[in-house]
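For reference, start_9.tsv (TSV, C-alpha atoms and all ligand atoms):
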chain	number	residue	atom	x	y	z
L	6	MET	CA	-28.92	14.65	-11.18
L	7	ARG	CA	-28.64	11.24	-12.68
L	8	LEU	CA	-30.71	9.21	-15.08
L	9	GLU	CA	-31.69	5.63	-14.51
L	10	ALA	CA	-33.96	3.94	-16.99
L	11	ASN	CA	-34.70	7.47	-18.17
L	12	ARG	CA	-36.16	8.59	-14.84
L	13	PRO	CA	-34.13	11.48	-13.44
L	14	THR	CA	-32.91	11.41	-9.85
L	15	VAL	CA	-32.52	14.95	-8.55
L	16	GLY	CA	-30.14	15.94	-5.76
L	17	THR	CA	-31.80	18.78	-3.83
L	18	ASP	CA	-30.03	21.70	-2.11
L	19	ASP	CA	-30.82	20.19	1.30
L	20	GLY	CA	-29.12	16.91	0.40
L	21	GLN	CA	-32.08	14.70	-0.50
L	22	GLU	CA	-32.39	12.54	-3.58
L	23	LEU	CA	-35.71	12.50	-5.37
L	24	LEU	CA	-36.72	10.12	-8.12
L	25	CYS	CA	-38.69	12.38	-10.40
L	26	HIS	CA	-41.22	12.60	-13.15
L	27	LEU	CA	-41.32	15.44	-15.61
L	28	ALA	CA	-44.32	17.76	-15.47
L	29	GLY	CA	-46.12	17.70	-18.83
L	30	LYS	CA	-45.38	21.33	-19.64
L	31	VAL	CA	-41.67	20.77	-18.99
L	32	ARG	CA	-41.63	17.73	-21.23
L	33	ARG	CA	-43.24	19.76	-23.97
L	34	SER	CA	-40.83	22.71	-23.63
L	35	VAL	CA	-37.43	21.05	-23.06
L	36	GLY	CA	-38.06	17.54	-24.30
L	37	ARG	CA	-35.64	15.25	-22.48
L	38	ILE	CA	-33.93	16.20	-19.29
L	39	ARG	CA	-30.16	15.79	-19.17
L	40	VAL	CA	-27.60	14.99	-16.55
L	41	GLY	CA	-26.28	18.36	-15.36
L	42	ASP	CA	-29.57	20.21	-15.81
L	43	ARG	CA	-30.46	22.55	-12.97
L	44	VAL	CA	-34.10	21.94	-12.22
L	45	GLU	CA	-36.86	23.13	-9.97
L	46	CYS	CA	-38.61	20.22	-8.40
L	47	ARG	CA	-41.35	19.62	-5.89
L	48	ALA	CA	-41.45	16.68	-3.51
L	49	THR	CA	-44.54	14.50	-3.89
L	50	ASP	CA	-44.25	11.19	-2.02
L	51	PRO	CA	-41.21	10.43	0.20
L	52	GLY	CA	-38.17	10.12	-2.08
L	53	GLN	CA	-40.17	11.16	-5.13
L	54	GLY	CA	-40.88	14.38	-6.90
L	55	VAL	CA	-41.94	16.17	-10.02
L	56	ILE	CA	-39.76	18.49	-12.11
L	57	VAL	CA	-41.68	21.69	-12.78
L	58	GLY	CA	-38.96	23.80	-14.41
L	59	VAL	CA	-35.53	23.60	-16.06
L	60	GLU	CA	-33.04	26.48	-16.04
L	61	ALA	CA	-31.60	27.72	-19.31
L	62	ARG	CA	-28.68	25.52	-20.28
L	63	GLY	CA	-25.07	26.48	-20.76
L	64	LEU	CA	-22.87	24.35	-22.98
L	65	THR	CA	-24.64	21.04	-23.54
L	66	LEU	CA	-23.05	17.98	-25.07
L	67	GLU	CA	-25.00	15.57	-27.23
L	68	ARG	CA	-22.64	12.68	-26.77
L	69	PRO	CA	-22.33	12.15	-23.85
L	70	PRO	CA	-25.63	13.90	-23.05
L	71	VAL	CA	-24.62	16.28	-20.28
L	72	ALA	CA	-25.86	19.84	-19.75
L	73	ASN	CA	-23.95	22.86	-18.42
L	74	VAL	CA	-20.48	21.46	-19.03
L	75	SER	CA	-17.43	23.44	-17.86
L	76	GLY	CA	-14.75	21.09	-19.04
L	77	LEU	CA	-13.61	17.69	-20.24
L	78	VAL	CA	-11.37	15.40	-18.22
L	79	MET	CA	-9.60	13.18	-20.71
L	80	VAL	CA	-8.33	9.85	-19.49
L	81	PHE	CA	-5.48	8.62	-21.65
L	82	THR	CA	-3.33	5.52	-21.29
L	83	LEU	CA	0.02	4.59	-22.85
L	84	VAL	CA	-0.54	0.93	-21.91
L	85	ASP	CA	-3.40	-1.54	-21.58
L	86	PRO	CA	-4.98	-0.31	-23.81
L	87	VAL	CA	-2.53	1.78	-25.83
L	88	GLY	CA	-4.45	5.01	-26.27
L	89	SER	CA	-4.83	6.74	-29.62
L	90	THR	CA	-3.24	10.20	-29.59
L	91	GLU	CA	-5.29	11.00	-32.69
L	92	LEU	CA	-8.46	10.37	-30.70
L	93	LEU	CA	-7.04	12.44	-27.86
L	94	ASP	CA	-6.44	15.31	-30.28
L	95	ARG	CA	-9.99	14.99	-31.60
L	96	ARG	CA	-11.29	15.38	-28.04
L	97	LEU	CA	-9.02	18.35	-27.42
L	98	ILE	CA	-10.30	20.00	-30.60
L	99	LEU	CA	-13.88	19.48	-29.45
L	100	ALA	CA	-13.08	21.16	-26.14
L	101	GLU	CA	-11.46	24.08	-27.97
L	102	LEU	CA	-14.48	24.43	-30.27
L	103	TYR	CA	-16.91	24.25	-27.35
L	104	GLY	CA	-14.79	26.73	-25.41
L	105	VAL	CA	-14.44	24.48	-22.35
L	106	LYS	CA	-11.42	23.54	-20.27
L	107	SER	CA	-9.40	20.36	-20.83
L	108	LEU	CA	-7.62	18.37	-18.17
L	109	LEU	CA	-5.53	15.39	-19.24
L	110	LEU	CA	-5.11	12.45	-16.92
L	111	ALA	CA	-2.24	10.23	-18.02
L	112	HIS	CA	-3.63	7.17	-16.33
L	113	LYS	CA	-2.28	3.76	-15.20
L	114	ALA	CA	0.94	5.59	-14.35
L	115	ASP	CA	1.93	2.55	-12.28
L	116	ARG	CA	2.40	0.67	-15.57
L	117	VAL	CA	4.40	3.35	-17.35
L	118	PRO	CA	8.18	3.36	-16.86
L	119	PRO	CA	9.59	6.84	-16.12
L	120	GLU	CA	11.46	7.03	-19.42
L	121	ARG	CA	8.17	6.75	-21.36
L	122	ARG	CA	6.54	9.74	-19.69
L	123	ALA	CA	8.21	12.10	-22.19
L	124	GLU	CA	5.91	10.65	-24.87
L	125	LEU	CA	3.13	12.90	-23.62
L	126	GLU	CA	5.32	16.01	-23.51
L	127	PRO	CA	3.71	17.52	-26.67
L	128	TRP	CA	0.38	17.61	-24.79
L	129	ALA	CA	1.77	18.52	-21.38
L	130	ARG	CA	3.18	21.69	-22.93
L	131	LEU	CA	-0.27	22.76	-24.08
L	132	TYR	CA	-2.74	21.48	-21.48
L	133	PRO	CA	-2.67	20.69	-17.77
L	134	LEU	CA	-1.67	17.03	-17.45
L	135	ILE	CA	-1.62	14.89	-14.30
L	136	TRP	CA	-0.15	11.39	-14.10
L	137	THR	CA	-2.63	9.26	-12.18
L	138	SER	CA	-2.94	5.72	-10.87
L	139	VAL	CA	-5.55	4.04	-8.75
L	140	GLN	CA	-2.93	1.42	-7.85
L	141	THR	CA	-0.47	3.81	-6.24
L	142	GLY	CA	-2.76	6.79	-5.66
L	143	GLU	CA	-0.42	9.01	-7.67
L	144	GLY	CA	-1.97	12.31	-8.72
L	145	LEU	CA	-5.44	11.65	-7.31
L	146	ALA	CA	-5.37	14.49	-4.80
L	147	ASP	CA	-4.45	16.96	-7.55
L	148	VAL	CA	-7.54	16.28	-9.66
L	149	PRO	CA	-10.27	18.03	-7.61
L	150	ARG	CA	-7.87	20.93	-6.94
L	151	ARG	CA	-7.32	21.35	-10.66
L	152	LEU	CA	-11.04	21.24	-11.51
L	153	GLY	CA	-12.65	23.65	-9.08
L	154	GLU	CA	-16.31	24.49	-9.55
L	155	GLY	CA	-18.46	23.37	-12.44
L	156	ILE	CA	-19.50	20.21	-14.21
L	157	TYR	CA	-16.77	18.12	-15.78
L	158	VAL	CA	-17.15	15.13	-18.02
L	159	LEU	CA	-14.77	12.17	-17.99
L	160	THR	CA	-13.98	10.99	-21.48
L	161	GLY	CA	-11.61	8.41	-22.83
L	162	GLU	CA	-11.46	5.13	-24.61
L	163	SER	CA	-13.14	2.07	-23.20
L	164	GLY	CA	-10.90	0.39	-20.65
L	165	ALA	CA	-8.79	3.51	-20.06
L	166	GLY	CA	-9.93	3.48	-16.43
L	167	LYS	CA	-12.54	6.25	-16.17
L	168	SER	CA	-14.86	4.40	-13.80
L	169	SER	CA	-11.97	3.14	-11.66
L	170	LEU	CA	-10.59	6.67	-11.45
L	171	LEU	CA	-13.93	8.13	-10.51
L	172	ALA	CA	-14.42	5.50	-7.81
L	173	ALA	CA	-10.94	6.22	-6.42
L	174	LEU	CA	-11.53	9.97	-6.52
L	175	LEU	CA	-14.77	9.48	-4.64
L	176	GLY	CA	-13.08	7.15	-2.18
L	177	GLU	CA	-15.12	4.14	-3.16
L	178	ALA	CA	-13.94	0.64	-3.82
L	179	GLY	CA	-16.22	-0.53	-6.60
L	180	PRO	CA	-17.83	1.12	-9.59
L	181	ALA	CA	-19.24	4.56	-8.88
L	182	ALA	CA	-22.56	4.68	-7.09
L	183	GLY	CA	-25.34	5.61	-9.43
L	184	ALA	CA	-23.53	4.40	-12.50
L	185	LEU	CA	-25.46	1.52	-13.91
L	186	THR	CA	-22.86	-0.92	-15.08
L	187	ARG	CA	-23.26	-4.17	-16.86
L	188	ARG	CA	-20.73	-6.92	-17.31
L	189	GLN	CA	-19.60	-7.28	-20.84
L	190	ARG	CA	-16.74	-9.37	-22.12
L	191	GLY	CA	-15.54	-9.84	-18.58
L	192	ARG	CA	-15.30	-6.25	-17.53
L	193	GLN	CA	-17.47	-3.49	-16.20
L	194	THR	CA	-18.49	-1.29	-19.07
L	195	THR	CA	-20.33	1.88	-18.26
L	196	ARG	CA	-23.72	2.16	-19.92
L	197	THR	CA	-25.24	5.30	-18.52
L	198	VAL	CA	-24.23	8.79	-17.56
L	199	SER	CA	-24.05	9.87	-13.92
L	200	LEU	CA	-22.91	12.93	-12.02
L	201	HIS	CA	-20.94	12.91	-8.78
L	202	ARG	CA	-19.92	15.61	-6.33
L	203	LEU	CA	-16.14	16.07	-6.31
L	204	GLY	CA	-14.49	18.90	-4.40
L	205	ASP	CA	-16.27	22.10	-5.36
L	206	GLY	CA	-17.63	20.69	-8.61
L	207	TYR	CA	-19.19	17.68	-10.26
L	208	LEU	CA	-17.69	14.92	-12.32
L	209	SER	CA	-19.62	12.74	-14.73
L	210	ASP	CA	-18.66	9.27	-15.87
L	211	THR	CA	-19.51	8.37	-19.43
L	212	PRO	CA	-19.32	5.27	-21.56
L	213	GLY	CA	-16.05	5.04	-23.47
L	214	PHE	CA	-16.19	5.47	-27.17
L	215	SER	CA	-13.47	4.79	-29.64
L	216	ARG	CA	-14.72	6.61	-32.71
L	217	LEU	CA	-15.30	10.30	-32.72
L	218	ASN	CA	-16.37	12.35	-35.68
L	219	LEU	CA	-15.61	16.02	-35.42
L	220	PRO	CA	-18.56	18.31	-36.05
L	221	PRO	CA	-18.49	20.07	-39.42
L	222	MET	CA	-15.93	22.85	-39.13
L	223	THR	CA	-14.02	25.10	-41.46
L	224	SER	CA	-10.26	24.89	-41.90
L	225	GLU	CA	-9.98	28.24	-40.05
L	226	GLU	CA	-11.83	26.81	-37.05
L	227	LEU	CA	-9.59	23.76	-37.08
L	228	ARG	CA	-6.45	25.89	-37.23
L	229	TRP	CA	-7.71	27.93	-34.30
L	230	ALA	CA	-8.33	24.74	-32.28
L	231	PHE	CA	-4.56	24.10	-32.21
L	232	PRO	CA	-3.31	26.53	-29.56
L	233	GLU	CA	0.33	26.08	-30.63
L	234	PHE	CA	-0.51	27.67	-34.00
L	235	ARG	CA	-1.93	30.83	-32.51
L	236	GLN	CA	1.41	32.53	-32.02
L	237	LEU	CA	2.69	31.74	-35.51
L	238	ARG	CA	3.37	34.86	-37.56
L	239	CYS	CA	3.08	33.78	-41.17
L	240	ARG	CA	3.25	36.09	-44.20
L	241	PHE	CA	-0.45	35.54	-44.91
L	242	ARG	CA	-2.96	35.96	-42.13
L	243	ASP	CA	-5.14	33.16	-43.51
L	244	CYS	CA	-2.17	30.79	-43.76
L	245	LEU	CA	-3.21	27.17	-43.12
L	246	HIS	CA	0.39	26.12	-42.48
L	247	ARG	CA	0.64	23.68	-45.34
L	248	ASP	CA	3.26	24.80	-47.84
L	249	GLU	CA	2.40	28.47	-48.17
L	250	PRO	CA	5.21	30.95	-48.86
L	251	GLY	CA	6.39	32.75	-45.74
L	252	CYS	CA	4.75	30.19	-43.40
L	253	ALA	CA	6.24	30.23	-39.92
L	254	LEU	CA	5.42	26.57	-39.30
L	255	PRO	CA	8.69	24.96	-40.48
L	256	ALA	CA	10.68	27.14	-38.08
L	257	ALA	CA	8.25	26.38	-35.22
L	258	ARG	CA	8.60	22.66	-35.92
L	259	ALA	CA	12.38	22.93	-35.97
L	260	ALA	CA	12.30	24.85	-32.68
L	261	GLY	CA	10.01	22.19	-31.20
L	262	SER	CA	7.06	24.44	-30.33
L	263	VAL	CA	4.88	22.44	-32.76
L	264	SER	CA	5.22	18.68	-32.38
L	265	ALA	CA	5.46	16.34	-35.37
L	266	VAL	CA	2.60	14.14	-34.16
L	267	ARG	CA	0.18	17.00	-33.49
L	268	TYR	CA	1.01	18.50	-36.88
L	269	ARG	CA	0.37	15.15	-38.58
L	270	HIS	CA	-3.04	14.98	-36.90
L	271	TYR	CA	-3.78	18.54	-38.00
L	272	ARG	CA	-3.11	17.56	-41.62
L	273	THR	CA	-5.40	14.53	-41.24
L	274	PHE	CA	-8.21	16.60	-39.74
L	275	LEU	CA	-7.76	19.29	-42.40
L	276	GLU	CA	-8.95	16.72	-44.95
L	277	GLU	CA	-12.23	16.44	-42.98
L	278	THR	CA	-13.01	20.14	-42.82
L	279	VAL	CA	-15.68	21.88	-44.83
L	280	HIS	CA	-14.29	24.68	-46.95
H	301	LIG	N1	-2.69	-0.91	-13.63
H	301	LIG	C1	-3.78	-0.15	-13.52
H	301	LIG	N2	-4.99	-0.60	-13.96
H	301	LIG	C2	-6.06	0.20	-13.85
H	301	LIG	C3	-5.96	1.51	-13.30
H	301	LIG	N3	-7.19	2.07	-13.35
H	301	LIG	C4	-8.02	1.17	-13.90
H	301	LIG	N4	-7.34	0.02	-14.20
H	301	LIG	C5	-7.93	-1.20	-14.82
H	301	LIG	O1	-8.36	-0.91	-16.14
H	301	LIG	C6	-9.52	-1.68	-16.50
H	301	LIG	C7	-10.62	-0.80	-17.07
H	301	LIG	O2	-11.06	0.10	-16.07
H	301	LIG	P1	-12.49	0.84	-16.13
H	301	LIG	O3	-12.47	1.81	-15.00
H	301	LIG	O4	-13.60	-0.12	-16.18
H	301	LIG	O5	-12.40	1.58	-17.56
H	301	LIG	P2	-13.46	2.58	-18.21
H	301	LIG	O6	-12.66	3.68	-18.87
H	301	LIG	O7	-14.47	3.02	-17.23
H	301	LIG	O8	-14.11	1.69	-19.36
H	301	LIG	P3	-15.57	1.86	-20.05
H	301	LIG	O9	-16.59	1.98	-18.99
H	301	LIG	O10	-15.70	0.62	-20.88
H	301	LIG	O11	-15.49	3.10	-20.92
H	301	LIG	C8	-9.92	-2.40	-15.21
H	301	LIG	O12	-9.47	-3.72	-15.30
H	301	LIG	C9	-9.20	-1.65	-14.11
H	301	LIG	O13	-8.89	-2.47	-13.00
H	301	LIG	C10	-4.69	1.97	-12.83
H	301	LIG	O14	-4.49	3.08	-12.33
H	301	LIG	N5	-3.64	1.10	-12.97
H	302	MG	MG	-16.52	2.82	-17.24
H	303	ZN	ZN	1.60	29.31	-41.78

Kindly return the structure encoded in the file as structure tokens.
Amino acid sequence: MRLEANRPTVGTDDGQELLCHLAGKVRRSVGRIRVGDRVECRATDPGQGVIVGVEARGLTLERPPVANVSGLVMVFTLVDPVGSTELLDRRLILAELYGVKSLLLAHKADRVPPERRAELEPWARLYPLIWTSVQTGEGLADVPRRLGEGIYVLTGESGAGKSSLLAALLGEAGPAAGALTRRQRGRQTTRTVSLHRLGDGYLSDTPGFSRLNLPPMTSEELRWAFPEFRQLRCRFRDCLHRDEPGCALPAARAAGSVSAVRYRHYRTFLEETVH
């Protein structure tokens, strides 16, 4: 399913693509249709149809607007542009809160000298991470294997290489088919959301965004969203790992199981939580 100028295109089980309208009763009950929705649709004219029902949704993201999401594929670059690890951690926290999988693609690997790869070690210890490059083809074959079934959403900062990656994964040369792109400041910037078959699942391209506000969450929820904290055995069960007596965090930091940069981000995000 993809949306162009707000008209959904539905891929049918027998491999057709139908440009659809929403039946009035569907519009009234679900409002807008989203990429990733599973719909019942009836062919009308050749290549056209009408959506008469929408299945109950699983996890649905507002931004990007994708329904039935199984996981986030986070494209991160150490060069051109230098990615923000704080933004990466915000995305990882979102995935933890939503209860969906995270896959990290350390992209533009062709531009990263081997000795710099250790910079992403704090994340590689916690989440599956694949070094990828559309220049050399490194890592590309591993991506569909790692994803499996379900709907995955590509996220990452503008210019990180999401559209290029998707095109390479799909074996295409240019921007992904179905993604409406518009030239802006000399490069292709993705404007709309689209869904593409990849291996046993689907992958959606999304416009990059460089700000990300976390949804309102309590400090306990935030603490839980850092998997490396879960095995800490502090004196107090509600320990927030700041300066509490008997906190196991200093020892974990010394032992290297909690990284300095992730901890610094945690303290930043803690200021944004609702108590
Ligand atoms: N060296 C190198 N450059 C790459 C690679 N992948 C993408 N690029 C370049 O990075 C730039 C941005 O790529 P896009 O795919 O448009 O980035 P995007 O993440 O889709 O950006 P938005 O749509 O704005 O969010 C382009 O100039 C690409 O040619 C890579 O593996 N290696
Ligand atoms: Mg793009
Ligand atoms: Zn503690």

> How far is it from atom CA of Pro255 of chain L to atom CA of Tyr271 of chain L, in Å with one decimal?
Replying inline: 14.2 Å

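The gap separating atom CA of Ser224 of chain L from atom CA of Leu159 of chain L is 27.5 Å, in Å to one decimal.
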
> Please, which residues have at least one atom within 7 Å of an atom of ligand ZN 303 (chain H), using only C-alpha atoms and all ligand atoms, listed as a PyMOL selection string?
Replying inline: chain L and resi 237+239+244-247+249+252-254

Just to be explicit: take each residue in the selection above, keep C-alpha atoms, and write the result as a PDB file, in the coordinates of the input.
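Saved file part27.pdb follows:
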ATOM      1  CA  LEU L 237       2.690  31.740 -35.510  1.00  0.00           C
ATOM      2  CA  CYS L 239       3.080  33.780 -41.170  1.00  0.00           C
ATOM      3  CA  CYS L 244      -2.170  30.790 -43.760  1.00  0.00           C
ATOM      4  CA  LEU L 245      -3.210  27.170 -43.120  1.00  0.00           C
ATOM      5  CA  HIS L 246       0.390  26.120 -42.480  1.00  0.00           C
ATOM      6  CA  ARG L 247       0.640  23.680 -45.340  1.00  0.00           C
ATOM      7  CA  GLU L 249       2.400  28.470 -48.170  1.00  0.00           C
ATOM      8  CA  CYS L 252       4.750  30.190 -43.400  1.00  0.00           C
ATOM      9  CA  ALA L 253       6.240  30.230 -39.920  1.00  0.00           C
ATOM     10  CA  LEU L 254       5.420  26.570 -39.300  1.00  0.00           C
TER      11      LEU L 254
END

> Which protein, DNA or RNA residues have an atom within 6 Å of ligand LIG 301 (chain H), counting all atoms listed in the file, as JSON, numbers by chain?
Replying inline: {"L": [112, 113, 115, 116, 138, 139, 140, 162, 163, 164, 165, 166, 167, 168, 169, 193, 194, 195, 212, 213]}

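The neighbours of Val78 of chain L here are the residues that come within 9 Å of it, using only C-alpha atoms and leaving out any residue fewer than 6 positions away in the same chain; they are Lys106, Ser107, Leu108, Leu109, Leu110, Leu152, Tyr157, Val158, Leu159, Thr160, Gly161 and Leu208 of chain L.
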
>> To one decimal place in Å, what is the distance between atom CA of Leu77 of chain L and atom CA of Arg96 of chain L?
In response: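 Interatomic distance here is 8.5 Å.
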
>> Env of Gln53 of chain L: 7 Å cut, atoms = only C-alpha atoms, seq-sep filter 3 positions within chain, self excluded. Answer as a PyMOL selection string.
In response: chain L and resi 23-25+48-50

> Residues at most 10 Å from Ala61 of chain L, counting all atoms listed in the file, excluding those fewer than 4 positions away in the same chain, as a PyMOL selection string?
Replying inline: chain L and resi 35+42-44+72-73
